[in-house]
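Student: This is the structure I want to talk about, given as C-alpha cells.
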Amino acid sequence: MREITLSQAVNEALAEEMRRDPTTFIIGEDVAEAGTPFKILSGLVEEFGTGRVVDTPIGEPGFMGLAVGAAMTGTRPIVDLMFGDFIFLIMDQLCNQAAKTHYMSGGKLTAPLVLRTNLGATRRSGAQHSQSLHALVAHIPGLKVAMPSSAYEAKGLLKTAIRDNNPVVIFEDKLMYQDKAEVPEEEYLIPFGVANVKRAGSDITLVGTSSMVQVAEKAAEILAAEGISAEVIDPRTIVPLDMDTINESVRKTSRCIVIDEGHQSFGVTSEIAARIMEQSFYHLDGPVIRMGAMDVPIPFSPALEDITVPTPEGVAANARKLMAGEMFNG
Amino acid sequence: MREITLSQAVNEALAEEMRRDPTTFIIGEDVAEAGTPFKILSGLVEEFGTGRVVDTPIGEPGFMGLAVGAAMTGTRPIVDLMFGDFIFLIMDQLCNQAAKTHYMSGGKLTAPLVLRTNLGATRRSGAQHSQSLHALVAHIPGLKVAMPSSAYEAKGLLKTAIRDNNPVVIFEDKLMYQDKAEVPEEEYLIPFGVANVKRAGSDITLVGTSSMVQVAEKAAEILAAEGISAEVIDPRTIVPLDMDTINESVRKTSRCIVIDEGHQSFGVTSEIAARIMEQSFYHLDGPVIRMGAMDVPIPFSPALEDITVPTPEGVAANARKLMAGEMFNG
Amino acid sequence: MSDAKTNTEEYLRMYSQMVRIRTFEDNANQLYLSAKMPGLTHMYSGQEAVAVGICEALKKTDKITSTHRGHGHCVAKGANFKEMFCELLGKEEGYCRGKGGSMHIADQSNGNLGANAIVGGSMGIATGSAFTAKMLGKDDVTVCFFGDGATAQGILYEVMNMAALWNLPVIYACENNGYSEYTKTAEIAAGSITARAEAFGIEAFTVDGQDVLAVNELTEKLVARSRKGEGPFFIELMTYRYHGHHVGDINREYYRSKDEEKLWKTERDPITKFATWLTKEGIASDADLAAITAEISADAAAAVEYALAAKYPDISEVDQHVFVA
Amino acid sequence: MSDAKTNTEEYLRMYSQMVRIRTFEDNANQLYLSAKMPGLTHMYSGQEAVAVGICEALKKTDKITSTHRGHGHCVAKGANFKEMFCELLGKEEGYCRGKGGSMHIADQSNGNLGANAIVGGSMGIATGSAFTAKMLGKDDVTVCFFGDGATAQGILYEVMNMAALWNLPVIYACENNGYSEYTKTAEIAAGSITARAEAFGIEAFTVDGQDVLAVNELTEKLVARSRKGEGPFFIELMTYRYHGHHVGDINREYYRSKDEEKLWKTERDPITKFATWLTKEGIASDADLAAITAEISADAAAAVEYALAAKYPDISEVDQHVFVA
Ligand SMILES: Cc1ncc(C[n+]2csc(CCOP(=O)(O)OP(=O)(O)O)c2C)c(N)n1
Ligand SMILES: Cc1ncc(C[n+]2csc(CCOP(=O)(O)OP(=O)(O)O)c2C)c(N)n1
Ligand SMILES: [Mg+2]
Ligand SMILES: [Mg+2]
C-alpha cells in the first residue's frame, strides 16, 4: 500500500471532507497561503479559496468563539490551533461555550466543530510550545477527544471528527508530521470509541496514546527479545474511551502499563489506570503502572527535555519489574 | 471555641496577612465597596484602601496577567476570581505564565500570588456558574492547589497560601460560605501537603476533598450505625498531595472510596485512586472506588442538578458493597 | 420622537412587546421574592426600548446573542411566556427543557442563540453567526447584545477586528445601563466606548436607549446596510436597569442613589414615553393601551400558573444531550 | 535626525548596542544554519533602533517585557553575550540555566522580565510590573514590547483599559514590522493601531523605528512623564525584520518581495543611517565605528565559542525550580 506522511494524511482528510460538504471551512492563523508553519495545509486555499480557508489575526479566543457561533448556525468549522499550548487561551470558548451548548439548550442547539491542534515535546521549543494538554479537554463533558497515533489514524479519525455533530478536539503529535504510514487510497473512516490492538500479546498490556503507541511498540520489541509477550493497545479516542478492549486485554495479561505524553499527575494515565482498577481489579497481578511526562514545565535544554517523556527503555524496565513482581508494595 | 463562617474566616485571613505584609493586595471584580457578590471581603477596603483592594473591569485574563507581573516584581497579589468557572478565561496567564515563570527562568523569577476562587454545584446557577475545575489546575506543574473543607481550613490554608512563594490556587466551596466552624482566635497556619484524619476508623477509608469531606463524614455516620467503621481523610491540598497519610489509612482498612466534586473522568478521584493503587495495591481488598460529579454539564433544573454530585447515601451504598465484596468484577 | 416603523400595527406591536417584557420581569421578580424560583435572575426592566427597538428591525431568521440579563432579548425576538417561565423554573417544557435556566435561555426557533453567563461569552458566537451568513450567502444579520461592563473583555476587540476585516453582517449592541454589577461605568471603562469600535474601522453610533423609535430607526438603517455587506456596526445604547444587578441586590445605596433611580423611572421610562407619544399622535387611546397591558398581564399570570404546575424533566434526562446522538 | 542623547559617549553607546544586537543575531543565525542550535529562533535584525532607542531611555531598575523576537530587547537592556549564547544553546550558564531558551530568555538582573512564546503573553505582566511600581511608590517605568500581530490579542485592550484607569507607568511599544508571521499587517489589523490606544484615553505616538534618535527622544519624554504619573503611553514604531519570521523561514517570496526586503536593508537600515549621521556630525570617524564593530565581533565569537564548549545542566536539575523551595 502507498505510504504518506501524517501531514499529508491530514491534508487529504481535510480536502476530501471539504469537497464532500460545502459548509465546512478551515479557520486559523496562517492557514491559507502559508499552509500553517508546519505546511500541513498546503494546497487547500488554492482549491477552496480564502472564503473557506480563512487566515485570522492572532486572536485565538476570538476565532475559537467565532467558530462556535458559526457551528451553531449551520456551518462546520475546522479550527487550526497552531500549538496545543494555546489551548489555554481558548478554554472558555471551548469548554464553557462549545462543550455545553447542546446540553444547556436541552438538545436544541449544536456546535459541530473540530479543533485540530497538536502535542508533543522534544522539539526544543520551550515550555510554552511543548505541552500535551489533552487531559484538560477530556475532563470537560461535551467534548470528544481523538489522538491519532499514525498517518492512518490521523486521516480516519479526522474525517470522522468532521462528520461528528459534536465539538471534537484532535491532537496530532507535532513530532510525527513527517512520519509515514500505509494509508489506503480508498476512503475510510475510523469510528470513535474503538481501540486498536496494535500488537497481540499475552504477558502484559501496554496502553499508549498518540506517539506513545510507538513507544509501546518499541518496548514490546525489546520485551519480545527477552521472551515477554506484550499486547499493545491504542485507544485512538480518549473520549469516548473503549474500556471493553482494554479490559479484555488486561483480564488476559493481568498486567498493564499506561503510557501518555501529558503530565502524569491528574492526567490520562491516571484515568485509564483508575478505570482498569475499578473494572478489572480482581484480574490484576500487580498495580497498573502509569507513565506520563514528568510533572515539570518542559525544559528547553536538550539535556533535560529528553528525560521528561516516556521512552521504550523506560517502559520495558517497568514491564520487567511488573513481570517479576517487583512492584510489590506490601 | 468561637465559631465563625467560612466567609468570615477568609476575611480574617486576608486582613491578618495584609496587615502583616504591606506588599499584599487584593484584585478582582467588585472586591472593594461591594466586598464581592458573596460579601466575603466586606470591610477590607475600609481598612486597606482602594490602593490595596482593587476593583477591576471585567477582564479576567487582563487582571490575572497583571497579577503575574506584579508578583514577579515585588508585590504579592491575591486575585479574586468571582466564580471558579471563569478559570477557563485565565488559563493562559495562570498555566503558561505564572506556573512556568520560576522554572523557565532557571529559578531567577518567582510569581508569588494567590488565586482565590470557588467550586460547587447545587446552587441553581446553571452550567457556567457551578463547575468544580480544580483538577485542571492540579494537572499543571508549578501550581499548588488548596481545597479547604471548613472555615478552619479556609483560614489556615489561605494564610499559608499568601506566604508561599509560588502561585497557589485555592478553591472555596461557594455553598459553604455561611457554614460555621470552630476557628481559634490565635493565629495559626495549616501547612500544605499534610492531610487531616477527620475521623478515625478501621474498615474503610473515605478520602474527600472540600465539601465532600462533609459528605464523607455523613456517610461515616450512616455506616457507623450499621457497624462499619470508616476513616475520613481530608487531603487539604491536592498539590502537594499527602499520600503518606492516605496510604497508611488504606493499608489499615484495605478499602477506599475517593470523593470529589469535580467531574469524575480525568479528575481528582482518578489521580488519588491511581496513586493508591500504585503505592498500596497489595493491601487492597477491592478496587478503590471513585465518586466525582457526573460527567455532564451541570443542569439548571433542581430536579437534575441534585443528582449530579455525590451524596452521603451514595457513598454509604458504595461502602457497603465494598465491604460485602460486591465490587467483585472477576 | 423620530419615525421608524410607520404603521399603527407596528407601533402597537412595539408597545406591546415592551409591556410584555416589563410584565415578564415583574412576574419573574415575584417568583423570586416568593421563593418559587430556583437561583437568581437579572431583571431587564428599564431597558425594554433597546431590545424591542432592535429586534423589531430584525426578521425571524436574523440571529441575536444575549446575556445574563436576557429575558428582554428573548421576549423581543419572539419567545412565548409559557416556555420562558417553564425554563426559569427548571421545567421540562422550558425552552431548554429546564437545563439552561435564566442565564442560558435560548430560543432557537426565533433565532435567539442564547443568553450567556460568561460576560462577553457570546461575542464570538455572534460574530460566527454572521460569518455563517456571509459564507452561505444568506442575508441574515446578527445582533450581539452586551453590557457596558462587557466592553472590558478582550474578546470583543478580537472579534470586532475580524468582523471589520471581513465585513461581517453583525451589529454590536452595547447596552450602557451605567453599571457593571455594583460599579459605575466610568470606573471600569477608560476613554470612549464608541471610539474603541471606530478604531477598528467600525462605524459607531450612540442612541437614547429609552426611545424605542430612535433605536428602531437607527437599527433599521444599519440592518439594511448590513444586508448589503456594509457591516459591521456598533451601537451604544444609553439606558438604565431599574432593579438591582440581580433580584437579590436590594440595598443599592452604596453604589447608586435612590434619587437617580427615581429620575430614570419617572422621567425616562421607555414605556411611559412611548405611551405618551402614541396617544399624542392619536395612534392609540389610553384605553387601548390599558387593554393591551391587561391582556398581557392575564397571559403572564396564566403562563406562570402553568409553569408552576408543570413537571420537572425526568431524572433520566440528566445525561442526555451531553453529546448529540 | 533629531536630538535625544546629547553627548558623544551616549551616542556611541547607542551605536554600539545596535551593532551588538546585529552581531548577536548574525551569530545566532550561523549557529542555526550549522545545526549547532537546538530548535528555532526569531531574528531581531533590522529592528535594532527600536530596542536601543527605547532601552537607552531606561534605567537599570526600569522593567521591560519581551517577545519571541527578544534577543534585541535583551541585549539593549544590558545583557551579556556569554549568558545569552549559553541560554540559546541550553547550557547551564545561560541566563535561565538553559531551561528557558531563546523564546524565554530573561535577565532579571537588568530588569528584563523575559521573552514570551505566547504572542501577547507579556502584556499583563508588563502592566502588573507598572502596578507594582505605583503601589510601592517606586518611580520605575515598564516598557511592554510587542509586535503588530500581537495587537489582535484581546488582553492588550483589557490591560490598556486598566492602565489608563489607574494611570500606570507603562509604555506599550508596538513594533510594527509589517508582518505577523507570513501575513501582512493590513490583513490582520483593521482600522488604526494608535487610534485603538487613544480610544482608551491613552496618548499614542507613531515614530520611525529605524531612527534611533527619534525613538530615543520620544521615549525619554514619555518615560519622564510616566515617572511623574502621567502614563500610560502607547508608541507604534514602524520597522522591518530582515530575516524570515524565524531562522527556518527561507522562502519568503509568497508573502513578501525581495525588492521590498532590499529597499529596507539598503535605504532604511538603522545602523547605517546612524553611522552616517555620527560621521557627518563629526562624533565618530569611520575608523572609530569600524573599531567598535570589530571589538563586538570578537566578543561575540568568544562568547559563542565559550557557549559551545559549556556544559549542559545536570539532569538532576530537571525537577528543580518547579516550585520555589
Ligand atoms: C466572565 C465573567 N466575569 C464576571 C461575571 C460576573 N458578572 C455577571 S454580570 C456582571 C456585570 C456585567 O455588567 P454589564 O456588562 O454592564 O451588564 P449589566 O449587568 O449591566 O446588564 C458581572 C461582573 C460573569 N458572569 N462572567
Ligand atoms: C498565542 C500565540 N498565537 C500564535 C503564536 C505563533 N506566532 C508566533 S510569532 C507570531 C507572529 C507575531 O507577529 P508580531 O506580533 O507582529 O511579531 P513579529 O513576529 O513580527 O515580531 C505568531 C502568530 C504564538 N506564539 N502565540
Ligand atoms: Mg451594565
Ligand atoms: Mg510583526
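Quick note on naming: the chains in the C-alpha cells go A, B, ... in the order shown, residues restart at 1 in each chain, and ligands are numbered from 1 in order of appearance.
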Show me which residues sit within 9 Å of ligand 4 when counting only C-alpha atoms and all ligand atoms, and put them as number ranges by chain.

Tutor: D: 146-150, 174-181, 183-185, 239-241, 245

Student: Tell me the residues of chain B close to chain A, meaning within 6 Å using only C-alpha atoms, as a compact mmCIF listing (two decimals) with C-alpha atoms, in the first residue's frame.

Tutor:
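File iface_29.txt, as written:
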# COMPACT_ATOMS: atom_id res chain seq x y z
CA PHE B 88 -11.20 28.93 31.73
CA LEU B 89 -10.66 32.59 30.84
CA MET B 91 -5.76 29.58 31.98
CA ASP B 92 -3.10 31.10 29.75
CA LEU B 136 -7.38 21.17 35.54
CA HIS B 139 -2.50 18.91 36.21
CA PRO B 141 3.28 21.65 37.18
CA SER B 265 -13.48 11.40 34.43
CA PHE B 266 -9.92 12.64 34.16
CA SER B 270 -8.79 9.20 39.30
CA GLU B 271 -5.43 10.56 40.39
CA ALA B 273 -7.19 6.19 43.10
CA ALA B 274 -4.34 5.55 40.69
CA MET B 277 -3.19 1.50 43.57
CA GLU B 278 0.41 2.07 42.57
CA SER B 280 -0.69 0.18 48.14
CA PHE B 281 -2.00 -2.31 45.62
CA TYR B 282 -1.12 -5.40 47.60
CA PRO B 287 -10.86 -1.63 43.87
CA ASP B 295 -19.70 13.74 33.50
CA VAL B 296 -22.39 16.18 32.40
CA ASN B 329 -15.56 -7.92 38.80
CA GLY B 330 -13.81 -11.18 38.13

Student: Enumerate as a compact mmCIF listing (two decimals) with C-alpha atoms, in the first residue's frame the residues belonging to chain C that approach chain B to within 8 Å, with only C-alpha atoms taken into account.

Tutor:
# COMPACT_ATOMS: atom_id res chain seq x y z
CA PRO C 38 -34.56 28.36 41.82
CA GLY C 39 -31.45 30.53 41.91
CA LEU C 40 -31.15 34.17 40.99
CA LEU C 89 -38.47 27.23 36.91
CA GLY C 90 -36.42 24.34 35.53
CA LYS C 91 -39.36 22.56 33.97
CA GLY C 98 -35.10 23.26 32.21
CA LYS C 99 -31.44 22.52 31.68
CA GLY C 100 -30.41 26.06 30.85
CA GLY C 101 -32.27 28.31 33.26
CA MET C 103 -28.87 32.65 32.28
CA HIS C 104 -28.91 30.22 29.37
CA ALA C 117 -23.48 33.54 31.88
CA ILE C 118 -19.96 34.47 30.84
CA VAL C 119 -19.81 38.23 30.44
CA GLY C 149 -19.24 46.10 31.67
CA ALA C 150 -18.64 43.57 28.94
CA ALA C 152 -13.76 45.33 29.26
CA GLN C 153 -13.46 41.81 27.86
CA GLY C 154 -10.69 41.49 25.31
CA GLU C 181 -22.65 44.97 38.75
CA TYR C 182 -22.01 47.38 41.62
CA THR C 183 -19.59 49.66 39.82
CA GLU C 187 -14.81 53.43 36.92
CA ILE C 188 -14.36 50.47 34.62
CA ALA C 189 -14.27 51.98 31.15
CA TYR C 254 -23.76 52.29 48.49
CA TYR C 312 -39.62 18.73 36.03
CA PRO C 313 -37.62 16.79 33.48
CA ASP C 314 -37.33 13.13 34.29
CA ILE C 315 -34.10 12.33 36.06
CA GLU C 317 -32.55 13.30 31.24
CA VAL C 318 -29.56 14.17 33.35
CA ASP C 319 -27.09 12.55 30.99
CA VAL C 322 -24.18 15.80 26.63

Student: Enumerate as a compact mmCIF listing (two decimals) with C-alpha atoms, in the first residue's frame the residues belonging to chain C that approach chain D to within 8 Å, with only C-alpha atoms taken into account.

Tutor:
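Done, and the output landed in iface.txt:
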# COMPACT_ATOMS: atom_id res chain seq x y z
CA ALA C 152 -13.76 45.33 29.26
CA GLN C 153 -13.46 41.81 27.86
CA GLY C 154 -10.69 41.49 25.31
CA ILE C 155 -12.57 39.09 23.09
CA LEU C 156 -14.76 41.99 21.96
CA TYR C 157 -11.76 43.63 20.30
CA GLU C 158 -10.58 40.38 18.79
CA ASN C 161 -11.18 43.21 14.35
CA MET C 162 -12.20 40.10 12.42
CA ALA C 164 -14.22 44.61 10.33
CA LEU C 165 -11.58 42.84 8.24
CA GLU C 187 -14.81 53.43 36.92
CA ILE C 188 -14.36 50.47 34.62
CA ALA C 189 -14.27 51.98 31.15
CA ALA C 190 -11.43 54.33 30.18
CA GLY C 191 -11.77 56.59 27.16
CA SER C 192 -14.76 56.25 24.88
CA ILE C 193 -16.65 53.07 24.11
CA ALA C 195 -14.21 55.32 19.78
CA ARG C 196 -12.97 51.82 20.52
CA GLU C 198 -14.22 53.22 15.43
CA ALA C 199 -10.55 52.50 15.97
CA PHE C 200 -11.19 49.13 14.34
CA GLY C 201 -12.76 50.90 11.39
CA ILE C 202 -16.29 50.15 12.53

Student: So the first atom is atom CA of Phe234 of chain D and the second is atom CA of Ser109 of chain D; what is the distance between them in Å, to one decimal place?

Tutor: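 These two atoms are separated by 25.6 Å.
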
Student: Given the choices D:Glu236, D:Glu83, D:Glu220, D:Glu203, which gets closest to Ala302 of chain D if the distance is worked out from only C-alpha atoms?

Tutor: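 Of the candidates, the smallest distance to Ala302 of chain D is held by D:Glu83.
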
Student: Env of Phe131 of chain C: 9 Å cut, atoms = only C-alpha atoms, seq-sep filter 3 positions within chain, self excluded. Answer as a VMD selection string.

Tutor: (chain A and resid 66 to 67 69 to 70) or (chain C and resid 126 to 128 134 to 136 163 166 168 to 170)

Student: Quick one: DSSP helix (DSSP H, G or I) residues in segment 79-273 of chain A, as JSON, numbers by chain?

Tutor: {"A": [84, 85, 86, 87, 88, 89, 90, 91, 92, 93, 94, 95, 96, 97, 98, 99, 100, 101, 102, 103, 104, 134, 135, 136, 137, 138, 151, 152, 153, 154, 155, 156, 157, 158, 159, 160, 161, 162, 163, 174, 175, 176, 212, 213, 214, 215, 216, 217, 218, 219, 220, 221, 222, 223, 224, 225, 243, 244, 245, 246, 247, 248, 249, 250, 251, 252, 253, 268, 269, 270, 271, 272, 273]}

Student: Do you know which residues are at most 10 Å from Leu223 of chain B counting only C-alpha atoms, after dropping those on the same chain fewer than 2 positions away, and could you put them as a VMD selection string?

Tutor: chain B and resid 204 217 to 221 225 to 230 312 to 313 315 to 317 319 to 320

Student: If DSSP is run on the backbone, what residues of segment 139-193 of chain B are strand (DSSP E or B)? A reply as a list in words would be ideal.

Tutor: Lys144, Val145, Ala146, Val168, Val169, Ile170, Phe171, Glu172, Asp173, Lys180, Ala181 and Glu182 of chain B

Student: Can those selected residues be exported to a file as a JSON list (two decimals), in the first residue's frame so that it contains all heavy atoms?

Tutor:
[["chain", "number", "residue", "atom", "x", "y", "z"],
["B", 144, "LYS", "N", 0.30, 25.17, 43.05],
["B", 144, "LYS", "CA", -0.18, 24.44, 44.23],
["B", 144, "LYS", "C", -1.69, 24.63, 44.31],
["B", 144, "LYS", "O", -2.22, 25.66, 43.88],
["B", 144, "LYS", "CB", 0.50, 24.97, 45.49],
["B", 144, "LYS", "CG", 2.00, 24.71, 45.50],
["B", 144, "LYS", "CD", 2.63, 25.08, 46.84],
["B", 144, "LYS", "CE", 4.13, 24.78, 46.82],
["B", 144, "LYS", "NZ", 4.76, 25.16, 48.10],
["B", 145, "VAL", "N", -2.37, 23.65, 44.85],
["B", 145, "VAL", "CA", -3.82, 23.70, 44.85],
["B", 145, "VAL", "C", -4.37, 23.30, 46.23],
["B", 145, "VAL", "O", -4.17, 22.17, 46.68],
["B", 145, "VAL", "CB", -4.42, 22.75, 43.78],
["B", 145, "VAL", "CG1", -5.94, 22.90, 43.73],
["B", 145, "VAL", "CG2", -3.81, 23.04, 42.40],
["B", 146, "ALA", "N", -5.04, 24.24, 46.85],
["B", 146, "ALA", "CA", -5.60, 24.00, 48.19],
["B", 146, "ALA", "C", -7.12, 23.93, 48.11],
["B", 146, "ALA", "O", -7.75, 24.64, 47.33],
["B", 146, "ALA", "CB", -5.17, 25.12, 49.14],
["B", 168, "VAL", "N", -0.42, 29.87, 44.03],
["B", 168, "VAL", "CA", -1.29, 28.91, 44.72],
["B", 168, "VAL", "C", -2.73, 29.21, 44.31],
["B", 168, "VAL", "O", -3.15, 30.36, 44.27],
["B", 168, "VAL", "CB", -1.19, 29.08, 46.25],
["B", 168, "VAL", "CG1", -2.15, 28.11, 46.96],
["B", 168, "VAL", "CG2", 0.24, 28.87, 46.74],
["B", 169, "VAL", "N", -3.47, 28.17, 43.99],
["B", 169, "VAL", "CA", -4.89, 28.34, 43.69],
["B", 169, "VAL", "C", -5.69, 27.72, 44.83],
["B", 169, "VAL", "O", -5.43, 26.58, 45.22],
["B", 169, "VAL", "CB", -5.28, 27.69, 42.35],
["B", 169, "VAL", "CG1", -6.72, 28.06, 41.98],
["B", 169, "VAL", "CG2", -4.32, 28.11, 41.25],
["B", 170, "ILE", "N", -6.61, 28.47, 45.36],
["B", 170, "ILE", "CA", -7.40, 27.96, 46.48],
["B", 170, "ILE", "C", -8.87, 27.99, 46.09],
["B", 170, "ILE", "O", -9.38, 29.01, 45.62],
["B", 170, "ILE", "CB", -7.05, 28.75, 47.78],
["B", 170, "ILE", "CG1", -7.78, 28.21, 48.99],
["B", 170, "ILE", "CG2", -7.27, 30.22, 47.66],
["B", 170, "ILE", "CD1", -7.08, 28.61, 50.31],
["B", 171, "PHE", "N", -9.50, 26.84, 46.18],
["B", 171, "PHE", "CA", -10.90, 26.69, 45.77],
["B", 171, "PHE", "C", -11.78, 26.61, 47.00],
["B", 171, "PHE", "O", -11.71, 25.64, 47.75],
["B", 171, "PHE", "CB", -11.07, 25.40, 44.96],
["B", 171, "PHE", "CG", -10.50, 25.46, 43.57],
["B", 171, "PHE", "CD1", -9.18, 25.10, 43.33],
["B", 171, "PHE", "CD2", -11.29, 25.86, 42.49],
["B", 171, "PHE", "CE1", -8.65, 25.14, 42.05],
["B", 171, "PHE", "CE2", -10.76, 25.91, 41.21],
["B", 171, "PHE", "CZ", -9.43, 25.55, 40.97],
["B", 172, "GLU", "N", -12.59, 27.63, 47.21],
["B", 172, "GLU", "CA", -13.55, 27.59, 48.31],
["B", 172, "GLU", "C", -14.87, 27.03, 47.77],
["B", 172, "GLU", "O", -15.22, 27.28, 46.62],
["B", 172, "GLU", "CB", -13.73, 29.01, 48.88],
["B", 172, "GLU", "CG", -12.44, 29.56, 49.48],
["B", 172, "GLU", "CD", -12.37, 31.08, 49.50],
["B", 172, "GLU", "OE1", -13.38, 31.75, 49.20],
["B", 172, "GLU", "OE2", -11.27, 31.61, 49.81],
["B", 173, "ASP", "N", -15.60, 26.31, 48.60],
["B", 173, "ASP", "CA", -16.89, 25.82, 48.15],
["B", 173, "ASP", "C", -17.90, 26.92, 48.38],
["B", 173, "ASP", "O", -18.15, 27.34, 49.51],
["B", 173, "ASP", "CB", -17.29, 24.55, 48.91],
["B", 173, "ASP", "CG", -18.55, 23.94, 48.30],
["B", 173, "ASP", "OD1", -19.55, 24.66, 48.16],
["B", 173, "ASP", "OD2", -18.52, 22.75, 47.97],
["B", 180, "LYS", "N", -20.55, 27.48, 59.56],
["B", 180, "LYS", "CA", -19.67, 27.84, 60.68],
["B", 180, "LYS", "C", -18.79, 26.68, 61.13],
["B", 180, "LYS", "O", -19.16, 25.52, 60.99],
["B", 180, "LYS", "CB", -20.51, 28.29, 61.87],
["B", 180, "LYS", "CG", -21.16, 29.65, 61.63],
["B", 180, "LYS", "CD", -21.73, 30.22, 62.91],
["B", 180, "LYS", "CE", -22.15, 31.66, 62.66],
["B", 180, "LYS", "NZ", -22.66, 32.29, 63.87],
["B", 181, "ALA", "N", -17.65, 27.01, 61.68],
["B", 181, "ALA", "CA", -16.78, 26.00, 62.29],
["B", 181, "ALA", "C", -15.98, 26.70, 63.38],
["B", 181, "ALA", "O", -15.90, 27.93, 63.43],
["B", 181, "ALA", "CB", -15.84, 25.39, 61.25],
["B", 182, "GLU", "N", -15.41, 25.89, 64.26],
["B", 182, "GLU", "CA", -14.57, 26.44, 65.31],
["B", 182, "GLU", "C", -13.27, 26.95, 64.70],
["B", 182, "GLU", "O", -12.59, 26.24, 63.97],
["B", 182, "GLU", "CB", -14.25, 25.36, 66.34],
["B", 182, "GLU", "CG", -15.45, 25.00, 67.18],
["B", 182, "GLU", "CD", -15.07, 24.17, 68.40],
["B", 182, "GLU", "OE1", -13.92, 23.66, 68.44],
["B", 182, "GLU", "OE2", -15.91, 24.04, 69.30]]

Student: Rounded to one decimal in Å, what is the spacing between atom CA of Gly156 of chain B and atom CA of Ile190 of chain B?

Tutor: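 It comes out at 4.7 Å.
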
Student: Point out the residue among C:Asp269, C:Glu92, C:Asp140, C:Asp208 with the least atom-to-atom distance to Ala310 of chain C, counting only C-alpha atoms.

Tutor: C:Glu92
